[in-house]
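Peer 1: I'm passing along my_file-v3.txt; it holds compact mmCIF, C-alpha atoms.
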```txt
# COMPACT_ATOMS: atom_id res chain seq x y z
CA MET A 158 -12.59 -210.05 239.38
CA LEU A 159 -10.86 -207.00 237.95
CA GLU A 160 -9.01 -207.29 234.69
CA THR A 161 -5.67 -205.57 234.49
CA THR A 162 -4.03 -204.46 231.32
CA ALA A 163 -0.34 -205.13 231.13
CA LEU A 164 1.62 -201.99 230.35
CA PRO A 165 4.78 -202.19 228.29
CA ARG A 166 7.88 -201.93 230.41
CA LYS A 167 9.53 -199.36 228.21
CA ALA A 168 8.49 -197.88 224.92
CA THR A 169 11.16 -197.86 222.28
CA LEU A 170 11.54 -194.28 221.16
CA SER A 171 12.83 -193.47 217.71
CA PRO A 172 15.69 -191.00 217.63
CA PRO A 173 14.66 -187.38 217.07
CA LEU A 174 14.59 -186.13 213.51
CA ASP A 175 17.87 -184.35 212.82
CA THR A 176 18.80 -183.12 209.37
CA ARG A 177 22.35 -182.21 210.34
CA HIS A 178 25.09 -184.14 208.61
CA GLN A 179 28.21 -184.79 210.71
CA VAL A 180 31.58 -184.76 208.95
CA GLU A 181 34.89 -185.50 210.64
CA THR A 182 37.81 -183.38 209.42
CA PRO A 183 41.34 -184.83 209.05
CA GLU A 184 42.16 -183.08 212.34
CA GLY A 185 39.48 -185.15 214.09
CA ILE A 186 37.01 -182.27 214.50
CA ASP A 187 33.29 -182.96 213.99
CA LEU A 188 31.89 -180.50 211.45
CA PRO A 189 28.07 -180.25 211.45
CA LEU A 190 26.58 -179.46 208.04
CA ARG A 191 22.91 -178.62 207.45
CA PRO A 192 21.73 -180.09 204.11
CA ALA A 193 19.25 -178.02 202.11
CA GLY A 194 15.92 -179.58 201.21
CA LEU A 195 14.10 -179.79 197.89
CA MET A 196 11.98 -176.65 198.20
CA VAL A 197 14.74 -174.15 198.96
CA ARG A 198 16.94 -175.71 196.27
CA ALA A 199 14.12 -175.42 193.74
CA LEU A 200 13.74 -171.72 194.56
CA ALA A 201 17.50 -171.17 194.17
CA PHE A 202 17.45 -172.97 190.80
CA ALA A 203 14.46 -170.88 189.66
CA ILE A 204 16.39 -167.69 190.47
CA ASP A 205 19.41 -168.92 188.51
CA LEU A 206 17.17 -169.99 185.62
CA GLY A 207 15.61 -166.53 185.49
CA LEU A 208 19.03 -164.84 185.55
CA ARG A 209 20.31 -167.05 182.74
CA GLY A 210 17.21 -166.24 180.69
CA LEU A 211 17.76 -162.52 181.28
CA ILE A 212 21.44 -162.73 180.30
CA LEU A 213 20.68 -164.69 177.14
CA GLY A 214 17.79 -162.40 176.22
CA LEU A 215 19.97 -159.28 176.43
CA LEU A 216 22.78 -160.93 174.45
CA PHE A 217 20.41 -162.15 171.72
CA ILE A 218 19.01 -158.64 171.32
CA VAL A 219 22.54 -157.33 170.66
CA LEU A 220 23.49 -160.26 168.40
CA ALA A 221 20.33 -159.87 166.32
CA PHE A 222 21.95 -156.88 164.63
CA LEU A 223 24.83 -159.08 163.35
CA GLY A 224 22.71 -161.31 161.11
CA LYS A 225 24.08 -164.81 160.47
CA LEU A 226 27.22 -164.08 162.47
CA GLY A 227 25.04 -163.16 165.41
CA ALA A 228 23.08 -166.40 165.05
CA GLY A 229 26.28 -168.42 165.16
CA LEU A 230 27.62 -166.51 168.17
CA GLY A 231 24.22 -166.90 169.82
CA SER A 232 24.44 -170.69 169.58
CA ILE A 233 27.87 -170.63 171.22
CA LEU A 234 26.66 -168.30 173.94
CA LEU A 235 23.59 -170.44 174.56
CA PHE A 236 25.81 -173.47 175.12
CA GLY A 237 28.28 -171.55 177.28
CA VAL A 238 25.72 -169.89 179.54
CA SER A 239 23.58 -173.02 179.86
CA TRP A 240 26.44 -175.32 180.87
CA TRP A 241 29.10 -173.07 182.41
CA TYR A 242 26.98 -170.59 184.38
CA MET A 243 26.63 -172.92 187.38
CA VAL A 244 30.14 -174.38 187.16
CA LEU A 245 31.93 -171.03 187.14
CA PHE A 246 29.93 -169.64 190.03
CA GLU A 247 30.21 -172.81 192.12
CA VAL A 248 33.98 -173.12 191.72
CA LEU A 249 34.94 -169.44 191.78
CA ASN A 250 32.40 -168.20 194.33
CA GLN A 251 32.75 -170.73 197.16
CA GLY A 252 30.01 -173.02 195.90
CA ARG A 253 27.45 -170.24 195.50
CA SER A 254 25.58 -169.39 192.34
CA PRO A 255 23.51 -166.18 192.57
CA GLY A 256 20.41 -168.23 193.34
CA LYS A 257 22.15 -170.21 196.07
CA GLN A 258 23.66 -167.05 197.51
CA TRP A 259 20.22 -165.40 197.59
CA MET A 260 18.75 -168.41 199.44
CA GLY A 261 21.72 -168.79 201.81
CA LEU A 262 23.03 -172.04 200.28
CA ARG A 263 26.31 -173.38 198.97
CA VAL A 264 27.52 -176.64 197.46
CA VAL A 265 30.48 -178.49 198.96
CA GLN A 266 32.13 -181.89 198.74
CA ASP A 267 30.81 -184.65 200.99
CA ASP A 268 33.65 -184.02 203.44
CA GLY A 269 32.81 -180.30 203.70
CA THR A 270 35.71 -179.10 201.53
CA PRO A 271 35.12 -176.60 198.68
CA ILE A 272 33.81 -178.06 195.43
CA GLY A 273 36.34 -178.54 192.60
CA TRP A 274 36.11 -178.30 188.81
CA SER A 275 35.59 -182.01 188.12
CA ALA A 276 32.85 -182.42 190.75
CA SER A 277 31.02 -179.27 189.62
CA LEU A 278 31.20 -180.29 185.96
CA LEU A 279 29.90 -183.77 186.74
CA ARG A 280 26.99 -182.67 188.94
CA ASN A 281 25.89 -180.07 186.38
CA LEU A 282 26.31 -182.31 183.31
CA LEU A 283 24.08 -184.89 184.98
CA ARG A 284 21.23 -182.41 185.28
CA PHE A 285 19.84 -183.81 182.04
CA VAL A 286 19.37 -187.14 183.88
CA ASP A 287 17.69 -185.41 186.83
CA LEU A 288 15.36 -183.68 184.35
CA LEU A 289 13.99 -187.01 183.02
CA PRO A 290 11.28 -187.70 182.10
CA PHE A 291 10.14 -184.10 182.62
CA GLY A 292 10.40 -181.23 185.10
CA TYR A 293 13.21 -182.59 187.30
CA PHE A 294 11.10 -185.65 188.18
CA LEU A 295 14.01 -188.04 188.83
CA GLY A 296 16.00 -185.36 190.62
CA ALA A 297 13.07 -184.53 192.90
CA ILE A 298 12.43 -188.18 193.74
CA SER A 299 16.10 -188.76 194.53
CA CYS A 300 16.23 -185.59 196.67
CA LEU A 301 13.16 -186.59 198.68
CA GLN A 302 14.37 -190.15 199.25
CA HIS A 303 17.95 -189.37 200.26
CA PRO A 304 18.71 -188.55 203.94
CA THR A 305 20.82 -185.54 202.92
CA PHE A 306 18.58 -184.50 200.00
CA LYS A 307 20.94 -185.43 197.18
CA ARG A 308 19.85 -185.47 193.57
CA LEU A 309 21.45 -187.92 191.13
CA GLY A 310 24.12 -185.42 190.11
CA ASP A 311 25.15 -184.96 193.73
CA LEU A 312 25.36 -188.74 194.25
CA ALA A 313 27.66 -189.15 191.25
CA ALA A 314 29.86 -186.13 192.05
CA GLY A 315 30.03 -186.66 195.83
CA THR A 316 28.65 -183.21 196.57
CA LEU A 317 26.21 -181.79 199.09
CA VAL A 318 24.10 -178.62 199.05
CA ILE A 319 24.04 -177.08 202.52
CA TYR A 320 22.91 -173.95 204.31
CA ARG A 321 25.67 -171.40 204.86
CA GLU A 322 26.34 -170.99 208.56
CA GLN A 323 25.85 -167.37 209.53
CA PRO A 324 28.47 -165.92 211.90
CA LEU A 325 27.10 -165.37 215.39
CA THR A 326 27.32 -161.84 216.72
CA ARG A 327 27.25 -161.33 220.46
CA PRO A 328 24.97 -158.54 221.73
CA GLN A 329 26.71 -155.43 222.95
CA LEU A 330 26.84 -154.94 226.71
CA PRO A 331 25.93 -151.59 228.27
CA GLU A 332 28.86 -149.29 229.04
CA ALA A 333 29.99 -149.91 232.60
CA THR A 334 33.14 -150.02 234.73
CA PRO A 335 34.28 -153.66 235.11
CA LEU A 336 33.67 -155.00 238.62
CA ARG A 337 34.64 -158.15 240.47
CA PRO A 338 31.95 -159.98 242.47
CA ALA A 339 32.40 -160.34 246.21
CA PHE A 340 32.79 -164.12 245.83
CA ALA A 341 33.38 -166.67 243.09
CA LEU A 342 30.30 -167.18 240.89
CA THR A 343 29.12 -170.52 239.60
CA LEU A 344 28.78 -171.03 235.86
CA PRO A 345 24.94 -170.71 235.93
CA GLU A 346 25.25 -167.47 237.91
CA GLN A 347 27.74 -166.07 235.41
CA ARG A 348 25.44 -167.01 232.52
CA ALA A 349 22.45 -165.39 234.24
CA ILE A 350 24.32 -162.10 234.76
CA LEU A 351 25.64 -162.05 231.17
CA ALA A 352 22.16 -162.86 229.80
CA PHE A 353 20.68 -159.98 231.80
CA ALA A 354 23.29 -157.51 230.54
CA GLU A 355 22.86 -158.65 226.92
CA ARG A 356 19.05 -158.45 227.01
CA GLN A 357 18.84 -155.26 229.02
CA GLY A 358 18.28 -153.14 225.92
CA GLU A 359 15.14 -155.14 225.09
CA LEU A 360 13.60 -154.58 228.55
CA SER A 361 11.69 -151.65 229.94
CA GLU A 362 13.41 -149.72 232.73
CA ALA A 363 11.00 -151.07 235.33
CA ARG A 364 11.44 -154.67 234.19
CA ALA A 365 15.25 -154.30 234.10
CA HIS A 366 15.29 -153.01 237.70
CA GLU A 367 12.95 -155.82 238.78
CA LEU A 368 15.17 -158.56 237.31
CA ALA A 369 18.36 -156.88 238.51
CA SER A 370 17.11 -156.73 242.10
CA ILE A 371 16.37 -160.48 242.00
CA LEU A 372 19.78 -161.34 240.57
CA ALA A 373 21.59 -159.00 242.95
CA GLN A 374 20.17 -160.48 246.16
CA PRO A 375 22.75 -163.35 246.41
CA LEU A 376 25.49 -160.83 245.58
CA GLN A 377 24.52 -158.62 248.53
CA VAL A 378 24.10 -155.60 246.27
CA PRO A 379 21.49 -152.96 247.26
CA ALA A 380 18.50 -152.95 244.91
CA PRO A 381 18.93 -149.28 243.80
CA HIS A 382 22.44 -150.08 242.52
CA ALA A 383 21.63 -153.54 241.13
CA VAL A 384 21.56 -152.63 237.42
CA VAL A 385 24.88 -150.77 237.52
CA ALA A 386 26.52 -153.49 239.59
CA LEU A 387 25.33 -156.34 237.34
CA ASN A 388 26.49 -154.52 234.21
CA GLY A 389 29.87 -153.98 235.81
CA ILE A 390 30.17 -157.63 236.83
CA ALA A 391 29.16 -158.68 233.30
CA ARG A 392 31.92 -156.47 231.89
CA GLY A 393 34.38 -157.98 234.32
CA LEU A 394 33.38 -161.53 233.35
CA LEU A 395 34.04 -160.86 229.66
CA GLY A 396 37.41 -159.35 230.37
CA PRO A 397 39.07 -156.65 228.23
CA ALA A 398 37.52 -156.15 224.80
```
Could you rewrite the structure in this file as structure tokens?
Peer 2:
Amino acid sequence: MLETTALPRKATLSPPLDTRHQVETPEGIDLPLRPAGLMVRALAFAIDLGLRGLILGLLFIVLAFLGKLGAGLGSILLFGVSWWYMVLFEVLNQGRSPGKQWMGLRVVQDDGTPIGWSASLLRNLLRFVDLLPFGYFLGAISCLQHPTFKRLGDLAAGTLVIYREQPLTRPQLPEATPLRPAFALTLPEQRAILAFAERQGELSEARAHELASILAQPLQVPAPHAVVALNGIARGLLGPA
């Protein structure tokens, strides 16, 4: 007698890991934000820390020539640079300190709007809590545990550190006279022709002619004229520049 092993009817699959944070604007538009993780934020903070140290070092060298007056001014500058460096950059530079800008990050409110003075002050004043008991221990633990990588200062201020979305640039099409295809093209056919024209510069001449002859067969275009015809159709699909 053969034993059979019962197979589960359907395995329950967990949803795929997605670090994007969806925000709905007042206009009802879904705005995807990409939260920045602990490592890239630590690198951005290290850059800012080094810049602050450089600024303070240069200022202290100058103030050393002023004696006691320089010592007093140095204490004021130490306080100002330590506590206002981040706030001024975040509020006046679209949420980007030099370190964040270097790493492609910015800080925003939870709803995706630019960070304000009160939120920036709060998140930066609470750094001393994130630093406890040493070396940003509490901040790192909070960042690793939170789904959008928030440290304690971000939780209190309602802020989020995200990657800046880079504007997409469309590849340039080869120069060609716009043409109309002999019949209406389906959406996949239009995409295939545009993809060929955009990638043509990356292909060797032989490979470009090979692909063009394949794409041109349904269009009833002779193989020797396939590249020129496809470039012209691609231009026609995009319309006037």
Peer 1: Please, what distance in Å, to one decimal, runs between CA of Cys300 (chain A) and CA of Ile212 (chain A)?
Peer 2: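 Taking CA of Cys300 (chain A) and CA of Ile212 (chain A), their separation equals 28.6 Å.
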Peer 1: Excluding same-chain residues fewer than 3 positions from region 359-366 of chain A, what lies within 10 Å of it counting all atoms listed in the file, as a list of chain:residue names?
Peer 2: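 Everything that qualifies: A:Phe353, A:Ala354, A:Glu355, A:Arg356, A:Ala369, A:Ser370, A:Ile371, A:Leu372, A:Ala380, A:Pro381, A:His382, A:Ala383, A:Val384, A:Val385.
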Peer 1: Using all atoms listed in the file, what table do you get, as JSON lines, when you list each residue of region 180-220 of chain A with an atom no more than 6 Å from region 245-269 of chain A, its nearest pair of atoms, and their distance in Å rounded to one decimal, rows by chain then rising number?
Peer 2:
```
{"residue": "A:Val180", "atom": "CA", "partner": "A:Asp268", "partner_atom": "CA", "distance": 5.9}
{"residue": "A:Ala201", "atom": "CA", "partner": "A:Gly256", "partner_atom": "CA", "distance": 4.2}
{"residue": "A:Ile204", "atom": "CA", "partner": "A:Gly256", "partner_atom": "CA", "distance": 5.0}
{"residue": "A:Asp205", "atom": "CA", "partner": "A:Gly256", "partner_atom": "CA", "distance": 5.0}
```
Peer 1: Within 7 Å of Leu195 (chain A), counting all atoms listed in the file, which residues qualify if same-chain residues fewer than 3 places away don't, as a list in words?
Peer 2: Arg198, Ala199, Ala297, Cys300, Leu301 and Phe306 of chain A
Peer 1: Measuring between only C-alpha atoms, which one of A:Ala341, A:Leu278, A:Ile218, A:Ile298 shows the shortest distance to Trp241 (chain A)?
Peer 2: A:Leu278
Peer 1: Can you measure CA of Phe236 (chain A) to CA of Val197 (chain A) for me? One decimal in Å is fine.
Peer 2: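 Result for CA of Phe236 (chain A) versus CA of Val197 (chain A): 26.3 Å, one decimal.
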Peer 1: Report, in Å to a single decimal, how far apart CA of Leu394 (chain A) and CA of Ile350 (chain A) are.
Peer 2: 9.2 Å
Peer 1: Around all of region 329-341 of chain A's listed atoms, make the axis-aligned box with 5 Å on each side and tell me centre and edge lengths in Å to one decimal, as JSON.
Peer 2:
```
{"center_x": 30.3, "center_y": -158.0, "center_z": 234.6, "size_x": 18.7, "size_y": 27.4, "size_z": 33.3}
```
Peer 1: May I ask which of the residues A:Ser232, A:Thr316, A:Ser239, A:Thr334 is the closest one to Gly273 (chain A), counting all atoms listed in the file?
Peer 2: A:Thr316
Peer 1: Which one of A:Leu223, A:Leu215, A:Leu351, A:Ala193 sits closest to His178 (chain A) if you count all atoms listed in the file?
Peer 2: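 Closest candidate: A:Ala193.
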Peer 1: Please determine, counting all atoms listed in the file, which residue among A:Leu234, A:Leu368, A:Val378, A:Leu200 has the shortest atom-to-atom distance to Ala339 (chain A).
Peer 2: A:Val378
Peer 1: With all atoms listed in the file as the atoms that count, which of A:Tyr320, A:Arg284, A:Leu344, A:Pro331 lies nearest to Phe202 (chain A)?
Peer 2: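 Under the stated criterion, the closest residue is A:Arg284.
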Peer 1: In terms of the shortest atom-to-atom distance over only C-alpha atoms, which of A:Arg392, A:His303, A:Arg348, A:Arg280 is closest to Glu332 (chain A)?
Peer 2: A:Arg392
